[in-house]
Amino acid sequence: MDRIMSCKEHIEEALDDAVYGGFKLPVLKAFFPVDKQNHKCAYCEESPIYVVENEYSPTI
Ligand SMILES: [Zn+2]
């Protein structure tokens with residue numbers, strides 16, 4: 001997994017999990033769900049409004 005979605009309550013958890021999950025360069029971005037039914041926070045049932053993605057590229 002190279003992205004973790006989070007509601008506004010669970011940003012800290014998402015960032016911690018990104019670091020512990022091996023993300024070399026976790027970046028927090030706003031997330032705009034196209035289909036809310038298919039997306040929810042990784043920690044609760046809320047709609048996510050943030051996503052942590054791994055921006056690390058081995059070529060840099
Ligand atoms: Zn949540």
# chains A, B, ... in the order shown; residues from 1 in each chain; ligands from 1
>>> residues_near_ligand(ligand="ligand 1", cutoff="6 Å", atoms="only C-alpha atoms and all ligand atoms", output="number ranges by chain")
A: 6-7, 9-10, 41, 43-44, 46
>>> select_by_dssp(residues="segment 18-50 of chain A", states="helix (DSSP H, G or I)", output="PyMOL selection string")
chain A and resi 18-20+36-38
>>> closest_residue(among="A:Gly22, A:Lys8, A:Ser47, A:Asp16", to="Val34 of chain A", atoms="only C-alpha atoms")
A:Ser47
>>> residues_around(residues="Pro26 of chain A", least_positions_apart="4", cutoff="10 Å", atoms="only C-alpha atoms", output="PyMOL selection string")
chain A and resi 2-4+14-19+22+51-56
>>> closest_residue(among="A:Ser57, A:Phe31, A:Tyr20, A:Met5", to="Glu45 of chain A", atoms="only C-alpha atoms")
A:Met5
>>> atom_distance(atom1="atom CA of Tyr50 of chain A", atom2="atom CA of Gly21 of chain A")
17.3 Å
>>> select_by_dssp(residues="chain A", states="strand (DSSP E)", output="number ranges by chain")
A: 3-6, 26-30, 50-54
>>> write_last_selection(atoms="all heavy atoms", output="mmCIF file, in the first residue's frame")
data_model
loop_
_atom_site.group_PDB
_atom_site.id
_atom_site.type_symbol
_atom_site.label_atom_id
_atom_site.label_comp_id
_atom_site.auth_asym_id
_atom_site.auth_seq_id
_atom_site.Cartn_x
_atom_site.Cartn_y
_atom_site.Cartn_z
ATOM 1 N N ARG A 3 -0.631 4.455 -0.184
ATOM 2 C CA ARG A 3 -1.435 5.609 0.210
ATOM 3 C C ARG A 3 -2.363 5.213 1.350
ATOM 4 O O ARG A 3 -2.841 4.085 1.410
ATOM 5 C CB ARG A 3 -2.224 6.179 -0.983
ATOM 6 C CG ARG A 3 -3.302 5.293 -1.516
ATOM 7 C CD ARG A 3 -3.585 5.578 -2.989
ATOM 8 N NE ARG A 3 -4.041 6.919 -3.236
ATOM 9 C CZ ARG A 3 -5.281 7.240 -3.588
ATOM 10 N NH1 ARG A 3 -6.203 6.319 -3.717
ATOM 11 N NH2 ARG A 3 -5.611 8.474 -3.824
ATOM 12 N N ILE A 4 -2.577 6.175 2.249
ATOM 13 C CA ILE A 4 -3.458 5.940 3.387
ATOM 14 C C ILE A 4 -4.449 7.092 3.429
ATOM 15 O O ILE A 4 -4.053 8.252 3.494
ATOM 16 C CB ILE A 4 -2.661 5.902 4.709
ATOM 17 C CG1 ILE A 4 -1.611 4.776 4.674
ATOM 18 C CG2 ILE A 4 -3.616 5.705 5.894
ATOM 19 C CD1 ILE A 4 -0.664 4.793 5.867
ATOM 20 N N MET A 5 -5.721 6.764 3.392
ATOM 21 C CA MET A 5 -6.741 7.805 3.433
ATOM 22 C C MET A 5 -7.177 8.050 4.868
ATOM 23 O O MET A 5 -7.213 7.133 5.684
ATOM 24 C CB MET A 5 -7.922 7.404 2.559
ATOM 25 C CG MET A 5 -7.577 7.503 1.087
ATOM 26 S SD MET A 5 -8.946 7.098 0.009
ATOM 27 C CE MET A 5 -8.851 5.330 0.081
ATOM 28 N N SER A 6 -7.516 9.301 5.152
ATOM 29 C CA SER A 6 -7.849 9.673 6.523
ATOM 30 C C SER A 6 -8.886 10.778 6.560
ATOM 31 O O SER A 6 -8.869 11.685 5.735
ATOM 32 C CB SER A 6 -6.568 10.140 7.215
ATOM 33 O OG SER A 6 -6.869 10.697 8.467
ATOM 34 N N PRO A 26 6.583 10.494 3.051
ATOM 35 C CA PRO A 26 5.137 10.656 3.139
ATOM 36 C C PRO A 26 4.710 12.102 2.907
ATOM 37 O O PRO A 26 5.310 13.016 3.474
ATOM 38 C CB PRO A 26 4.801 10.196 4.565
ATOM 39 C CG PRO A 26 6.066 10.158 5.320
ATOM 40 C CD PRO A 26 7.203 10.177 4.339
ATOM 41 N N VAL A 27 3.721 12.298 2.058
ATOM 42 C CA VAL A 27 3.223 13.641 1.768
ATOM 43 C C VAL A 27 1.716 13.659 1.988
ATOM 44 O O VAL A 27 0.992 12.816 1.458
ATOM 45 C CB VAL A 27 3.541 14.040 0.309
ATOM 46 C CG1 VAL A 27 2.922 15.396 -0.026
ATOM 47 C CG2 VAL A 27 5.049 14.090 0.098
ATOM 48 N N LEU A 28 1.283 14.631 2.769
ATOM 49 C CA LEU A 28 -0.139 14.770 3.069
ATOM 50 C C LEU A 28 -0.793 15.653 2.018
ATOM 51 O O LEU A 28 -0.338 16.759 1.747
ATOM 52 C CB LEU A 28 -0.285 15.394 4.454
ATOM 53 C CG LEU A 28 -1.706 15.576 4.980
ATOM 54 C CD1 LEU A 28 -2.378 14.227 5.197
ATOM 55 C CD2 LEU A 28 -1.688 16.374 6.263
ATOM 56 N N LYS A 29 -1.867 15.138 1.436
ATOM 57 C CA LYS A 29 -2.579 15.894 0.406
ATOM 58 C C LYS A 29 -4.061 15.924 0.724
ATOM 59 O O LYS A 29 -4.574 15.029 1.406
ATOM 60 C CB LYS A 29 -2.405 15.215 -0.963
ATOM 61 C CG LYS A 29 -0.977 15.147 -1.433
ATOM 62 C CD LYS A 29 -0.921 14.418 -2.755
ATOM 63 C CE LYS A 29 0.512 14.363 -3.276
ATOM 64 N NZ LYS A 29 0.590 13.647 -4.557
ATOM 65 N N ALA A 30 -4.730 16.928 0.207
ATOM 66 C CA ALA A 30 -6.193 16.943 0.293
ATOM 67 C C ALA A 30 -6.731 15.859 -0.637
ATOM 68 O O ALA A 30 -6.176 15.601 -1.703
ATOM 69 C CB ALA A 30 -6.729 18.296 -0.127
ATOM 70 N N TYR A 50 -8.270 13.592 3.577
ATOM 71 C CA TYR A 50 -6.827 13.666 3.354
ATOM 72 C C TYR A 50 -6.327 12.315 2.873
ATOM 73 O O TYR A 50 -6.925 11.280 3.159
ATOM 74 C CB TYR A 50 -6.075 14.008 4.641
ATOM 75 C CG TYR A 50 -6.398 15.364 5.204
ATOM 76 C CD1 TYR A 50 -7.213 15.487 6.320
ATOM 77 C CD2 TYR A 50 -5.882 16.520 4.614
ATOM 78 C CE1 TYR A 50 -7.519 16.726 6.838
ATOM 79 C CE2 TYR A 50 -6.186 17.759 5.128
ATOM 80 C CZ TYR A 50 -7.002 17.862 6.243
ATOM 81 O OH TYR A 50 -7.303 19.084 6.754
ATOM 82 N N VAL A 51 -5.214 12.357 2.162
ATOM 83 C CA VAL A 51 -4.547 11.123 1.791
ATOM 84 C C VAL A 51 -3.045 11.328 1.989
ATOM 85 O O VAL A 51 -2.503 12.388 1.662
ATOM 86 C CB VAL A 51 -4.895 10.691 0.348
ATOM 87 C CG1 VAL A 51 -4.500 11.745 -0.666
ATOM 88 C CG2 VAL A 51 -4.258 9.352 0.011
ATOM 89 N N VAL A 52 -2.398 10.336 2.584
ATOM 90 C CA VAL A 52 -0.945 10.361 2.707
ATOM 91 C C VAL A 52 -0.393 9.454 1.616
ATOM 92 O O VAL A 52 -0.734 8.267 1.546
ATOM 93 C CB VAL A 52 -0.483 9.850 4.090
ATOM 94 C CG1 VAL A 52 1.037 9.943 4.202
ATOM 95 C CG2 VAL A 52 -1.134 10.659 5.203
ATOM 96 N N GLU A 53 0.439 10.034 0.761
ATOM 97 C CA GLU A 53 1.026 9.256 -0.324
ATOM 98 C C GLU A 53 2.542 9.203 -0.181
ATOM 99 O O GLU A 53 3.149 10.093 0.403
ATOM 100 C CB GLU A 53 0.666 9.878 -1.679
ATOM 101 C CG GLU A 53 -0.813 9.783 -1.967
ATOM 102 C CD GLU A 53 -1.181 10.316 -3.338
ATOM 103 O OE1 GLU A 53 -0.358 11.019 -3.959
ATOM 104 O OE2 GLU A 53 -2.303 10.020 -3.773
ATOM 105 N N ASN A 54 3.126 8.165 -0.729
ATOM 106 C CA ASN A 54 4.573 8.020 -0.722
ATOM 107 C C ASN A 54 5.151 8.672 -1.976
ATOM 108 O O ASN A 54 4.986 8.173 -3.081
ATOM 109 C CB ASN A 54 4.937 6.535 -0.678
ATOM 110 C CG ASN A 54 6.423 6.331 -0.454
ATOM 111 O OD1 ASN A 54 7.181 7.285 -0.338
ATOM 112 N ND2 ASN A 54 6.820 5.083 -0.388
#
